>>> print(open('work_28.txt').read())   # compact mmCIF, N, CA and C atoms and all ligand atoms
# COMPACT_ATOMS: atom_id res chain seq x y z
N MET B 256 -4.27 12.21 -0.17
CA MET B 256 -4.15 10.83 0.34
C MET B 256 -2.69 10.59 0.73
N HIS B 257 -2.39 10.79 1.98
CA HIS B 257 -0.99 10.65 2.39
C HIS B 257 -0.58 9.19 2.50
N GLU B 258 -1.53 8.29 2.38
CA GLU B 258 -1.20 6.87 2.40
C GLU B 258 -0.24 6.51 1.27
N LEU B 259 -0.36 7.23 0.16
CA LEU B 259 0.50 6.91 -0.98
C LEU B 259 1.97 7.16 -0.65
N SER B 260 2.24 8.28 -0.01
CA SER B 260 3.65 8.55 0.32
C SER B 260 4.13 7.59 1.40
N ILE B 261 3.23 7.19 2.27
CA ILE B 261 3.59 6.19 3.27
C ILE B 261 3.88 4.85 2.59
N ALA B 262 3.04 4.52 1.63
CA ALA B 262 3.24 3.27 0.89
C ALA B 262 4.59 3.28 0.19
N TYR B 263 4.96 4.42 -0.38
CA TYR B 263 6.27 4.52 -1.03
C TYR B 263 7.40 4.30 -0.03
N SER B 264 7.24 4.84 1.15
CA SER B 264 8.26 4.64 2.19
C SER B 264 8.37 3.17 2.57
N VAL B 265 7.22 2.53 2.72
CA VAL B 265 7.21 1.11 3.07
C VAL B 265 7.92 0.30 1.99
N VAL B 266 7.60 0.59 0.75
CA VAL B 266 8.22 -0.11 -0.37
C VAL B 266 9.72 0.14 -0.39
N GLU B 267 10.08 1.38 -0.13
CA GLU B 267 11.50 1.77 -0.10
C GLU B 267 12.26 0.97 0.95
N ILE B 268 11.70 0.94 2.15
CA ILE B 268 12.34 0.23 3.25
C ILE B 268 12.44 -1.27 2.94
N ALA B 269 11.34 -1.82 2.46
CA ALA B 269 11.30 -3.26 2.19
C ALA B 269 12.24 -3.64 1.06
N SER B 270 12.30 -2.81 0.01
CA SER B 270 13.16 -3.21 -1.11
C SER B 270 14.63 -3.05 -0.74
N GLN B 271 14.90 -2.12 0.14
CA GLN B 271 16.29 -1.97 0.59
C GLN B 271 16.71 -3.21 1.39
N SER B 272 15.84 -3.63 2.29
CA SER B 272 16.14 -4.83 3.07
C SER B 272 16.28 -6.04 2.17
N ALA B 273 15.42 -6.10 1.17
CA ALA B 273 15.45 -7.23 0.24
C ALA B 273 16.76 -7.25 -0.53
N ARG B 274 17.19 -6.09 -0.97
CA ARG B 274 18.46 -6.01 -1.70
C ARG B 274 19.62 -6.42 -0.82
N GLU B 275 19.57 -5.95 0.43
CA GLU B 275 20.65 -6.30 1.36
C GLU B 275 20.70 -7.80 1.59
N ALA B 276 19.54 -8.43 1.57
CA ALA B 276 19.47 -9.88 1.78
C ALA B 276 19.77 -10.64 0.49
N GLY B 277 19.91 -9.92 -0.60
CA GLY B 277 20.17 -10.56 -1.88
C GLY B 277 18.95 -11.25 -2.46
N ALA B 278 17.81 -10.79 -2.07
CA ALA B 278 16.57 -11.42 -2.53
C ALA B 278 16.26 -11.06 -3.97
N THR B 279 15.62 -11.99 -4.64
CA THR B 279 15.25 -11.74 -6.03
C THR B 279 13.84 -11.18 -6.13
N ARG B 280 13.08 -11.45 -5.10
CA ARG B 280 11.74 -10.89 -5.12
C ARG B 280 11.15 -10.93 -3.71
N VAL B 281 10.21 -10.05 -3.48
CA VAL B 281 9.56 -9.98 -2.18
C VAL B 281 8.16 -10.55 -2.29
N ASN B 282 7.85 -11.46 -1.40
CA ASN B 282 6.53 -12.08 -1.45
C ASN B 282 5.50 -11.34 -0.62
N SER B 283 5.93 -10.91 0.55
CA SER B 283 4.99 -10.16 1.36
C SER B 283 5.73 -9.24 2.32
N VAL B 284 5.04 -8.21 2.70
CA VAL B 284 5.59 -7.23 3.63
C VAL B 284 4.60 -7.11 4.79
N HIS B 285 5.15 -7.26 5.98
CA HIS B 285 4.30 -7.17 7.16
C HIS B 285 4.52 -5.81 7.83
N VAL B 286 3.45 -5.10 8.04
CA VAL B 286 3.57 -3.82 8.72
C VAL B 286 2.68 -3.81 9.96
N ARG B 287 3.10 -3.00 10.91
CA ARG B 287 2.28 -2.78 12.10
C ARG B 287 1.63 -1.42 11.96
N LEU B 288 0.36 -1.40 12.24
CA LEU B 288 -0.39 -0.17 12.06
C LEU B 288 -1.18 0.12 13.34
N GLY B 289 -0.75 1.16 14.02
CA GLY B 289 -1.45 1.54 15.24
C GLY B 289 -2.79 2.19 14.93
N ALA B 290 -3.73 2.01 15.81
CA ALA B 290 -5.07 2.54 15.60
C ALA B 290 -5.08 4.07 15.55
N LEU B 291 -4.04 4.69 16.09
CA LEU B 291 -3.98 6.15 16.08
C LEU B 291 -2.98 6.68 15.06
N SER B 292 -2.52 5.83 14.18
CA SER B 292 -1.49 6.26 13.22
C SER B 292 -2.05 7.24 12.20
N GLY B 293 -3.36 7.31 12.10
CA GLY B 293 -3.97 8.22 11.15
C GLY B 293 -3.96 7.68 9.73
N VAL B 294 -3.63 6.41 9.61
CA VAL B 294 -3.57 5.80 8.29
C VAL B 294 -4.79 4.90 8.10
N VAL B 295 -5.44 5.07 6.98
CA VAL B 295 -6.58 4.21 6.66
C VAL B 295 -6.05 2.95 6.00
N ARG B 296 -6.34 1.85 6.62
CA ARG B 296 -5.78 0.59 6.16
C ARG B 296 -6.09 0.29 4.68
N GLU B 297 -7.33 0.47 4.31
CA GLU B 297 -7.72 0.18 2.93
C GLU B 297 -6.97 1.07 1.95
N ALA B 298 -6.82 2.33 2.33
CA ALA B 298 -6.11 3.27 1.47
C ALA B 298 -4.65 2.88 1.34
N LEU B 299 -4.10 2.41 2.45
CA LEU B 299 -2.70 1.99 2.42
C LEU B 299 -2.52 0.77 1.53
N GLU B 300 -3.42 -0.18 1.65
CA GLU B 300 -3.33 -1.39 0.84
C GLU B 300 -3.45 -1.06 -0.65
N PHE B 301 -4.34 -0.14 -0.92
CA PHE B 301 -4.53 0.30 -2.30
C PHE B 301 -3.28 1.01 -2.82
N SER B 302 -2.75 1.91 -2.01
CA SER B 302 -1.57 2.67 -2.40
C SER B 302 -0.35 1.77 -2.56
N TYR B 303 -0.32 0.74 -1.74
CA TYR B 303 0.81 -0.19 -1.76
C TYR B 303 0.99 -0.81 -3.14
N GLU B 304 -0.12 -1.22 -3.73
CA GLU B 304 -0.05 -1.83 -5.05
C GLU B 304 0.54 -0.87 -6.07
N ILE B 305 0.16 0.38 -5.96
CA ILE B 305 0.69 1.40 -6.87
C ILE B 305 2.19 1.56 -6.63
N ALA B 306 2.54 1.65 -5.36
CA ALA B 306 3.94 1.91 -5.01
C ALA B 306 4.86 0.75 -5.37
N CYS B 307 4.29 -0.45 -5.43
CA CYS B 307 5.09 -1.66 -5.71
C CYS B 307 5.47 -1.79 -7.17
N ALA B 308 4.72 -1.14 -8.02
CA ALA B 308 4.90 -1.32 -9.45
C ALA B 308 6.34 -1.07 -9.86
N GLY B 309 6.91 -2.03 -10.57
CA GLY B 309 8.27 -1.86 -11.08
C GLY B 309 9.36 -2.06 -10.05
N THR B 310 9.01 -2.56 -8.88
CA THR B 310 10.03 -2.82 -7.87
C THR B 310 10.11 -4.31 -7.59
N LEU B 311 11.02 -4.68 -6.71
CA LEU B 311 11.14 -6.07 -6.28
C LEU B 311 9.85 -6.55 -5.62
N LEU B 312 9.05 -5.60 -5.22
CA LEU B 312 7.86 -5.94 -4.46
C LEU B 312 6.63 -6.13 -5.32
N GLU B 313 6.81 -5.96 -6.61
CA GLU B 313 5.65 -6.05 -7.47
C GLU B 313 4.94 -7.38 -7.31
N GLY B 314 3.65 -7.33 -7.08
CA GLY B 314 2.86 -8.54 -6.91
C GLY B 314 2.87 -9.11 -5.51
N SER B 315 3.57 -8.44 -4.62
CA SER B 315 3.63 -8.96 -3.25
C SER B 315 2.40 -8.53 -2.45
N THR B 316 2.28 -9.13 -1.29
CA THR B 316 1.12 -8.87 -0.45
C THR B 316 1.51 -7.98 0.72
N LEU B 317 0.69 -7.04 1.03
CA LEU B 317 0.89 -6.23 2.21
C LEU B 317 0.06 -6.84 3.34
N VAL B 318 0.75 -7.25 4.38
CA VAL B 318 0.03 -7.84 5.51
C VAL B 318 0.03 -6.82 6.66
N VAL B 319 -1.14 -6.34 6.97
CA VAL B 319 -1.26 -5.30 7.98
C VAL B 319 -1.68 -5.90 9.31
N ARG B 320 -0.89 -5.61 10.32
CA ARG B 320 -1.28 -6.04 11.67
C ARG B 320 -1.71 -4.79 12.42
N GLU B 321 -2.98 -4.74 12.73
CA GLU B 321 -3.49 -3.56 13.40
C GLU B 321 -3.26 -3.67 14.90
N LEU B 322 -2.72 -2.61 15.45
CA LEU B 322 -2.44 -2.61 16.88
C LEU B 322 -3.46 -1.74 17.60
N PRO B 323 -4.00 -2.27 18.68
CA PRO B 323 -4.93 -1.46 19.45
C PRO B 323 -4.19 -0.38 20.23
N VAL B 324 -4.93 0.59 20.68
CA VAL B 324 -4.32 1.65 21.47
C VAL B 324 -4.15 1.16 22.91
N LYS B 325 -2.97 1.40 23.46
CA LYS B 325 -2.74 1.03 24.84
C LYS B 325 -2.27 2.25 25.63
N VAL B 326 -2.78 2.38 26.81
CA VAL B 326 -2.31 3.43 27.71
C VAL B 326 -1.81 2.78 29.00
N TYR B 327 -1.05 3.57 29.73
CA TYR B 327 -0.60 3.07 31.02
C TYR B 327 -1.58 3.56 32.08
N CYS B 328 -2.09 2.64 32.84
CA CYS B 328 -3.02 3.00 33.90
C CYS B 328 -2.26 3.01 35.23
N ALA B 329 -2.28 4.18 35.88
CA ALA B 329 -1.54 4.35 37.13
C ALA B 329 -2.18 3.54 38.26
N VAL B 330 -3.46 3.30 38.14
CA VAL B 330 -4.16 2.54 39.19
C VAL B 330 -3.85 1.05 39.06
N CYS B 331 -3.99 0.54 37.85
CA CYS B 331 -3.71 -0.88 37.62
C CYS B 331 -2.21 -1.14 37.53
N GLN B 332 -1.44 -0.08 37.32
CA GLN B 332 0.00 -0.17 37.15
C GLN B 332 0.41 -1.12 36.04
N MET B 333 -0.29 -0.97 34.94
CA MET B 333 0.09 -1.75 33.76
C MET B 333 -0.47 -1.09 32.51
N GLU B 334 0.00 -1.59 31.39
CA GLU B 334 -0.52 -1.10 30.12
C GLU B 334 -1.84 -1.80 29.83
N VAL B 335 -2.82 -0.98 29.51
CA VAL B 335 -4.14 -1.56 29.23
C VAL B 335 -4.63 -1.06 27.88
N GLU B 336 -5.44 -1.86 27.25
CA GLU B 336 -6.04 -1.45 25.99
C GLU B 336 -7.19 -0.50 26.25
N LEU B 337 -7.36 0.42 25.32
CA LEU B 337 -8.54 1.27 25.41
C LEU B 337 -9.71 0.49 24.84
N SER B 338 -10.85 0.69 25.43
CA SER B 338 -12.01 0.02 24.85
C SER B 338 -12.49 0.80 23.63
N SER B 339 -12.21 2.10 23.62
CA SER B 339 -12.57 2.92 22.48
C SER B 339 -11.56 4.05 22.36
N ILE B 340 -11.22 4.43 21.11
CA ILE B 340 -10.23 5.50 20.99
C ILE B 340 -10.87 6.86 21.25
N GLN B 341 -12.16 6.87 21.45
CA GLN B 341 -12.82 8.11 21.81
C GLN B 341 -12.70 8.36 23.32
N LEU B 342 -12.42 7.29 24.02
CA LEU B 342 -12.47 7.34 25.47
C LEU B 342 -11.13 6.87 26.03
N PHE B 343 -10.33 7.84 26.46
CA PHE B 343 -9.02 7.46 26.99
C PHE B 343 -9.11 7.07 28.45
N CYS B 344 -9.73 5.92 28.67
CA CYS B 344 -9.88 5.41 30.02
C CYS B 344 -9.41 3.97 30.06
N CYS B 345 -8.94 3.56 31.20
CA CYS B 345 -8.51 2.19 31.41
C CYS B 345 -9.69 1.25 31.21
N SER B 346 -9.47 0.21 30.43
CA SER B 346 -10.56 -0.73 30.17
C SER B 346 -10.81 -1.64 31.37
N GLN B 347 -9.88 -1.63 32.32
CA GLN B 347 -10.04 -2.48 33.50
C GLN B 347 -10.79 -1.76 34.63
N CYS B 348 -10.32 -0.54 34.93
CA CYS B 348 -10.90 0.13 36.09
C CYS B 348 -11.58 1.46 35.75
N GLY B 349 -11.44 1.90 34.50
CA GLY B 349 -12.16 3.11 34.09
C GLY B 349 -11.45 4.42 34.39
N THR B 350 -10.27 4.35 34.97
CA THR B 350 -9.54 5.57 35.28
C THR B 350 -9.06 6.23 33.98
N PRO B 351 -9.30 7.55 33.86
CA PRO B 351 -8.82 8.23 32.65
C PRO B 351 -7.29 8.21 32.59
N SER B 352 -6.77 8.01 31.40
CA SER B 352 -5.33 8.03 31.23
C SER B 352 -4.96 8.53 29.84
N GLY B 353 -4.02 9.44 29.79
CA GLY B 353 -3.56 9.93 28.50
C GLY B 353 -2.15 9.48 28.23
N ASP B 354 -1.68 8.54 29.03
CA ASP B 354 -0.31 8.05 28.92
C ASP B 354 -0.22 6.97 27.84
N LEU B 355 -0.09 7.45 26.63
CA LEU B 355 -0.14 6.56 25.48
C LEU B 355 1.10 5.69 25.38
N ARG B 356 0.89 4.40 25.25
CA ARG B 356 2.04 3.48 25.14
C ARG B 356 2.07 2.75 23.81
N GLN B 357 0.97 2.70 23.15
CA GLN B 357 0.94 2.02 21.86
C GLN B 357 -0.23 2.54 21.06
N GLY B 358 -0.06 2.60 19.75
CA GLY B 358 -1.17 3.02 18.91
C GLY B 358 -0.79 3.93 17.76
N ARG B 359 0.42 4.49 17.83
CA ARG B 359 0.85 5.38 16.75
C ARG B 359 1.80 4.68 15.78
N GLU B 360 1.99 3.39 15.95
CA GLU B 360 2.97 2.67 15.14
C GLU B 360 2.62 2.67 13.66
N LEU B 361 3.64 2.77 12.89
CA LEU B 361 3.51 2.53 11.47
C LEU B 361 4.89 2.10 11.01
N ASP B 362 5.15 0.83 11.07
CA ASP B 362 6.47 0.39 10.65
C ASP B 362 6.48 -0.99 10.02
N VAL B 363 7.54 -1.21 9.29
CA VAL B 363 7.70 -2.49 8.61
C VAL B 363 8.23 -3.48 9.63
N GLU B 364 7.49 -4.53 9.82
CA GLU B 364 7.83 -5.52 10.83
C GLU B 364 8.75 -6.58 10.25
N SER B 365 8.39 -7.10 9.11
CA SER B 365 9.21 -8.13 8.47
C SER B 365 8.82 -8.24 7.00
N ILE B 366 9.70 -8.85 6.26
CA ILE B 366 9.37 -9.11 4.86
C ILE B 366 9.68 -10.57 4.54
N GLU B 367 8.94 -11.11 3.61
CA GLU B 367 9.20 -12.48 3.15
C GLU B 367 9.71 -12.39 1.73
N VAL B 368 10.87 -13.01 1.52
CA VAL B 368 11.50 -12.87 0.21
C VAL B 368 11.85 -14.21 -0.41
N ASP B 369 12.12 -14.17 -1.69
CA ASP B 369 12.69 -15.31 -2.41
C ASP B 369 14.18 -15.06 -2.54
N LEU B 370 14.95 -16.04 -2.12
CA LEU B 370 16.39 -15.91 -2.30
C LEU B 370 16.81 -16.76 -3.50
N PRO B 371 17.82 -16.28 -4.21
CA PRO B 371 18.23 -16.98 -5.43
C PRO B 371 18.61 -18.44 -5.20
N GLY B 372 19.22 -18.72 -4.04
CA GLY B 372 19.66 -20.08 -3.75
C GLY B 372 18.49 -21.04 -3.56
N GLU B 373 17.46 -20.54 -2.95
CA GLU B 373 16.31 -21.40 -2.67
C GLU B 373 15.57 -21.71 -3.95
N ASP B 374 15.36 -22.99 -4.16
CA ASP B 374 14.61 -23.36 -5.34
C ASP B 374 13.13 -23.44 -4.99
N GLY B 375 12.50 -22.33 -5.15
CA GLY B 375 11.06 -22.31 -4.89
C GLY B 375 10.38 -23.24 -5.85
N SER B 376 9.92 -24.37 -5.37
CA SER B 376 9.35 -25.38 -6.26
C SER B 376 8.12 -24.81 -6.96
N GLY B 377 8.03 -25.12 -8.23
CA GLY B 377 6.87 -24.71 -8.98
C GLY B 377 6.83 -23.24 -9.35
N VAL B 378 8.00 -22.64 -9.35
CA VAL B 378 8.03 -21.24 -9.77
C VAL B 378 7.86 -21.17 -11.28
N ASP B 379 6.81 -20.56 -11.69
CA ASP B 379 6.52 -20.46 -13.11
C ASP B 379 7.01 -19.13 -13.65
N VAL B 380 8.00 -19.21 -14.50
CA VAL B 380 8.55 -17.97 -15.04
C VAL B 380 7.75 -17.50 -16.25
N SER B 381 6.90 -18.37 -16.71
CA SER B 381 5.97 -18.10 -17.82
C SER B 381 6.62 -17.37 -18.99
N GLY B 382 7.83 -17.81 -19.31
CA GLY B 382 8.51 -17.29 -20.48
C GLY B 382 8.77 -15.79 -20.47
N GLU B 383 8.62 -15.22 -19.33
CA GLU B 383 8.80 -13.77 -19.26
C GLU B 383 10.28 -13.42 -19.31
N GLU B 384 10.62 -12.52 -20.19
CA GLU B 384 12.00 -12.07 -20.26
C GLU B 384 12.36 -11.36 -18.97
N HIS B 385 13.43 -11.85 -18.39
CA HIS B 385 13.84 -11.18 -17.16
C HIS B 385 14.97 -10.22 -17.47
N GLY B 386 14.61 -9.17 -18.14
CA GLY B 386 15.59 -8.19 -18.56
C GLY B 386 16.33 -7.61 -17.38
N ASP B 387 17.63 -7.51 -17.54
CA ASP B 387 18.42 -6.93 -16.46
C ASP B 387 18.19 -5.43 -16.44
N THR B 388 17.51 -5.02 -15.44
CA THR B 388 17.16 -3.59 -15.36
C THR B 388 18.25 -2.79 -14.66
N GLY B 389 19.36 -3.46 -14.38
CA GLY B 389 20.43 -2.75 -13.69
C GLY B 389 19.99 -2.39 -12.29
N THR B 390 20.67 -1.47 -11.73
CA THR B 390 20.32 -1.10 -10.36
C THR B 390 19.18 -0.09 -10.36
N GLY B 391 19.30 0.87 -11.25
CA GLY B 391 18.24 1.86 -11.38
C GLY B 391 17.80 2.46 -10.08
N ASP B 392 18.73 2.65 -9.21
CA ASP B 392 18.39 3.22 -7.91
C ASP B 392 17.75 4.59 -8.07
N SER B 393 16.54 4.67 -7.68
CA SER B 393 15.87 5.95 -7.82
C SER B 393 16.33 6.90 -6.72
N GLN B 394 16.19 8.13 -7.00
CA GLN B 394 16.63 9.14 -6.04
C GLN B 394 15.47 9.57 -5.16
N ARG B 395 14.43 8.82 -5.25
CA ARG B 395 13.22 9.25 -4.56
C ARG B 395 13.45 9.41 -3.06
N ASN B 396 12.97 10.48 -2.57
CA ASN B 396 13.06 10.69 -1.14
C ASN B 396 11.76 10.26 -0.48
N PRO B 397 11.85 9.23 0.33
CA PRO B 397 10.62 8.83 1.01
C PRO B 397 10.21 9.91 2.02
N GLU B 398 9.32 10.72 1.59
CA GLU B 398 8.87 11.80 2.47
C GLU B 398 8.13 11.22 3.66
N GLN B 399 8.80 11.15 4.74
CA GLN B 399 8.17 10.59 5.94
C GLN B 399 7.25 11.63 6.55
N GLU B 400 5.99 11.33 6.48
CA GLU B 400 5.06 12.28 7.08
C GLU B 400 4.91 12.00 8.56
N ARG B 401 4.68 13.04 9.26
CA ARG B 401 4.53 12.84 10.68
C ARG B 401 3.07 12.55 11.03
ZN ZN B 501 -6.89 0.75 35.42
>>> encode(input="work_28.txt", output="structure tokens")
Amino acid sequence: MHELSIAYSVVEIASQSAREAGATRVNSVHVRLGALSGVVREALEFSYEIACAGTLLEGSTLVVRELPVKVYCAVCQMEVELSSIQLFCCSQCGTPSGDLRQGRELDVESIEVDLPGEDGSGVDVSGEEHGDTGTGDSQRNPEQER
């Protein structure tokens, strides 16, 4: 299940951005997922929860935006969506095209964070000890799979 290593990369990227922004916690992470990325959305969402454990992202939501496959059609002279990923033809005029312009994406689009200055109204700390865990920067290498 390579989604797990992808999820770790997503978490890595998001927590780095969050740290740079001085965020205390991440509420949600938005990713773009191309239809040809080879990633199963459900598997990624599942893996994400595992990868989030013990990070700034724990308890956050992964928001997946699925992108359709687009090719460039020489006849229509524009980027068109494929009607089916089995059929690399222009959805407008039917001309076959292998000129892929969109569909392999897998990237972090944005993250939503809590900043220390912002008083998020109604934040319930529920008496949980917020132990200072230090930086604890892991040496994990986000193995970016191709
Ligand atoms: Zn066309």
>>> closest_atom_pairs(input="work_28.txt", of="chain B", to="ligand ZN 501 (chain B)", cutoff="9 Å", atoms="only C-alpha atoms and all ligand atoms", output="CSV")
residue,atom,partner,partner_atom,distance
B:Tyr327,CA,B:ZN501,ZN,8.0
B:Cys328,CA,B:ZN501,ZN,4.7
B:Ala329,CA,B:ZN501,ZN,6.7
B:Val330,CA,B:ZN501,ZN,5.0
B:Cys331,CA,B:ZN501,ZN,4.2
B:Gln332,CA,B:ZN501,ZN,7.2
B:Met333,CA,B:ZN501,ZN,7.6
B:Glu334,CA,B:ZN501,ZN,8.5
B:Val335,CA,B:ZN501,ZN,7.2
B:Cys344,CA,B:ZN501,ZN,7.7
B:Cys345,CA,B:ZN501,ZN,4.6
B:Ser346,CA,B:ZN501,ZN,6.6
B:Gln347,CA,B:ZN501,ZN,4.9
B:Cys348,CA,B:ZN501,ZN,4.1
B:Gly349,CA,B:ZN501,ZN,5.9
B:Thr350,CA,B:ZN501,ZN,5.5
B:Pro351,CA,B:ZN501,ZN,8.2
B:Ser352,CA,B:ZN501,ZN,8.5
>>> write_last_selection(input="work_28.txt", atoms="N, CA and C atoms", output="PDB file, keeping the file's coordinate frame")
ATOM      1  N   TYR B 327      -1.050   3.570  29.730  1.00  0.00           N
ATOM      2  CA  TYR B 327      -0.600   3.070  31.020  1.00  0.00           C
ATOM      3  C   TYR B 327      -1.580   3.560  32.080  1.00  0.00           C
ATOM      4  N   CYS B 328      -2.090   2.640  32.840  1.00  0.00           N
ATOM      5  CA  CYS B 328      -3.020   3.000  33.900  1.00  0.00           C
ATOM      6  C   CYS B 328      -2.260   3.010  35.230  1.00  0.00           C
ATOM      7  N   ALA B 329      -2.280   4.180  35.880  1.00  0.00           N
ATOM      8  CA  ALA B 329      -1.540   4.350  37.130  1.00  0.00           C
ATOM      9  C   ALA B 329      -2.180   3.540  38.260  1.00  0.00           C
ATOM     10  N   VAL B 330      -3.460   3.300  38.140  1.00  0.00           N
ATOM     11  CA  VAL B 330      -4.160   2.540  39.190  1.00  0.00           C
ATOM     12  C   VAL B 330      -3.850   1.050  39.060  1.00  0.00           C
ATOM     13  N   CYS B 331      -3.990   0.540  37.850  1.00  0.00           N
ATOM     14  CA  CYS B 331      -3.710  -0.880  37.620  1.00  0.00           C
ATOM     15  C   CYS B 331      -2.210  -1.140  37.530  1.00  0.00           C
ATOM     16  N   GLN B 332      -1.440  -0.080  37.320  1.00  0.00           N
ATOM     17  CA  GLN B 332       0.000  -0.170  37.150  1.00  0.00           C
ATOM     18  C   GLN B 332       0.410  -1.120  36.040  1.00  0.00           C
ATOM     19  N   MET B 333      -0.290  -0.970  34.940  1.00  0.00           N
ATOM     20  CA  MET B 333       0.090  -1.750  33.760  1.00  0.00           C
ATOM     21  C   MET B 333      -0.470  -1.090  32.510  1.00  0.00           C
ATOM     22  N   GLU B 334       0.000  -1.590  31.390  1.00  0.00           N
ATOM     23  CA  GLU B 334      -0.520  -1.100  30.120  1.00  0.00           C
ATOM     24  C   GLU B 334      -1.840  -1.800  29.830  1.00  0.00           C
ATOM     25  N   VAL B 335      -2.820  -0.980  29.510  1.00  0.00           N
ATOM     26  CA  VAL B 335      -4.140  -1.560  29.230  1.00  0.00           C
ATOM     27  C   VAL B 335      -4.630  -1.060  27.880  1.00  0.00           C
ATOM     28  N   CYS B 344      -9.730   5.920  28.670  1.00  0.00           N
ATOM     29  CA  CYS B 344      -9.880   5.410  30.020  1.00  0.00           C
ATOM     30  C   CYS B 344      -9.410   3.970  30.060  1.00  0.00           C
ATOM     31  N   CYS B 345      -8.940   3.560  31.200  1.00  0.00           N
ATOM     32  CA  CYS B 345      -8.510   2.190  31.410  1.00  0.00           C
ATOM     33  C   CYS B 345      -9.690   1.250  31.210  1.00  0.00           C
ATOM     34  N   SER B 346      -9.470   0.210  30.430  1.00  0.00           N
ATOM     35  CA  SER B 346     -10.560  -0.730  30.170  1.00  0.00           C
ATOM     36  C   SER B 346     -10.810  -1.640  31.370  1.00  0.00           C
ATOM     37  N   GLN B 347      -9.880  -1.630  32.320  1.00  0.00           N
ATOM     38  CA  GLN B 347     -10.040  -2.480  33.500  1.00  0.00           C
ATOM     39  C   GLN B 347     -10.790  -1.760  34.630  1.00  0.00           C
ATOM     40  N   CYS B 348     -10.320  -0.540  34.930  1.00  0.00           N
ATOM     41  CA  CYS B 348     -10.900   0.130  36.090  1.00  0.00           C
ATOM     42  C   CYS B 348     -11.580   1.460  35.750  1.00  0.00           C
ATOM     43  N   GLY B 349     -11.440   1.900  34.500  1.00  0.00           N
ATOM     44  CA  GLY B 349     -12.160   3.110  34.090  1.00  0.00           C
ATOM     45  C   GLY B 349     -11.450   4.420  34.390  1.00  0.00           C
ATOM     46  N   THR B 350     -10.270   4.350  34.970  1.00  0.00           N
ATOM     47  CA  THR B 350      -9.540   5.570  35.280  1.00  0.00           C
ATOM     48  C   THR B 350      -9.060   6.230  33.980  1.00  0.00           C
ATOM     49  N   PRO B 351      -9.300   7.550  33.860  1.00  0.00           N
ATOM     50  CA  PRO B 351      -8.820   8.230  32.650  1.00  0.00           C
ATOM     51  C   PRO B 351      -7.290   8.210  32.590  1.00  0.00           C
ATOM     52  N   SER B 352      -6.770   8.010  31.400  1.00  0.00           N
ATOM     53  CA  SER B 352      -5.330   8.030  31.230  1.00  0.00           C
ATOM     54  C   SER B 352      -4.960   8.530  29.840  1.00  0.00           C
TER      55      SER B 352
END
>>> residues_around(input="work_28.txt", residues="segment 262-275 of chain B", least_positions_apart="6", cutoff="10 Å", atoms="only C-alpha atoms", output="PyMOL selection string")
chain B and resi 281+283-286+298-308+310-313+317+361-370+393+395-400
>>> atom_distance(input="work_28.txt", atom1="atom CA of Leu322 of chain B", atom2="atom CA of His257 of chain B")
19.7 Å
>>> atom_distance(input="work_28.txt", atom1="atom N of Gly353 of chain B", atom2="atom C of Val326 of chain B")
7.1 Å
>>> atom_distance(input="work_28.txt", atom1="atom CA of Arg280 of chain B", atom2="atom CA of Glu360 of chain B")
25.9 Å
>>> closest_residue(input="work_28.txt", among="B:Pro371, B:Leu288, B:Ser260, B:Val295", to="Arg320 of chain B", atoms="all atoms listed in the file")
B:Leu288
>>> residues_around(input="work_28.txt", residues="Gly358 of chain B", least_positions_apart="4", cutoff="7 Å", atoms="only C-alpha atoms", output="ChimeraX atom specification")
/B:289-292,322-325
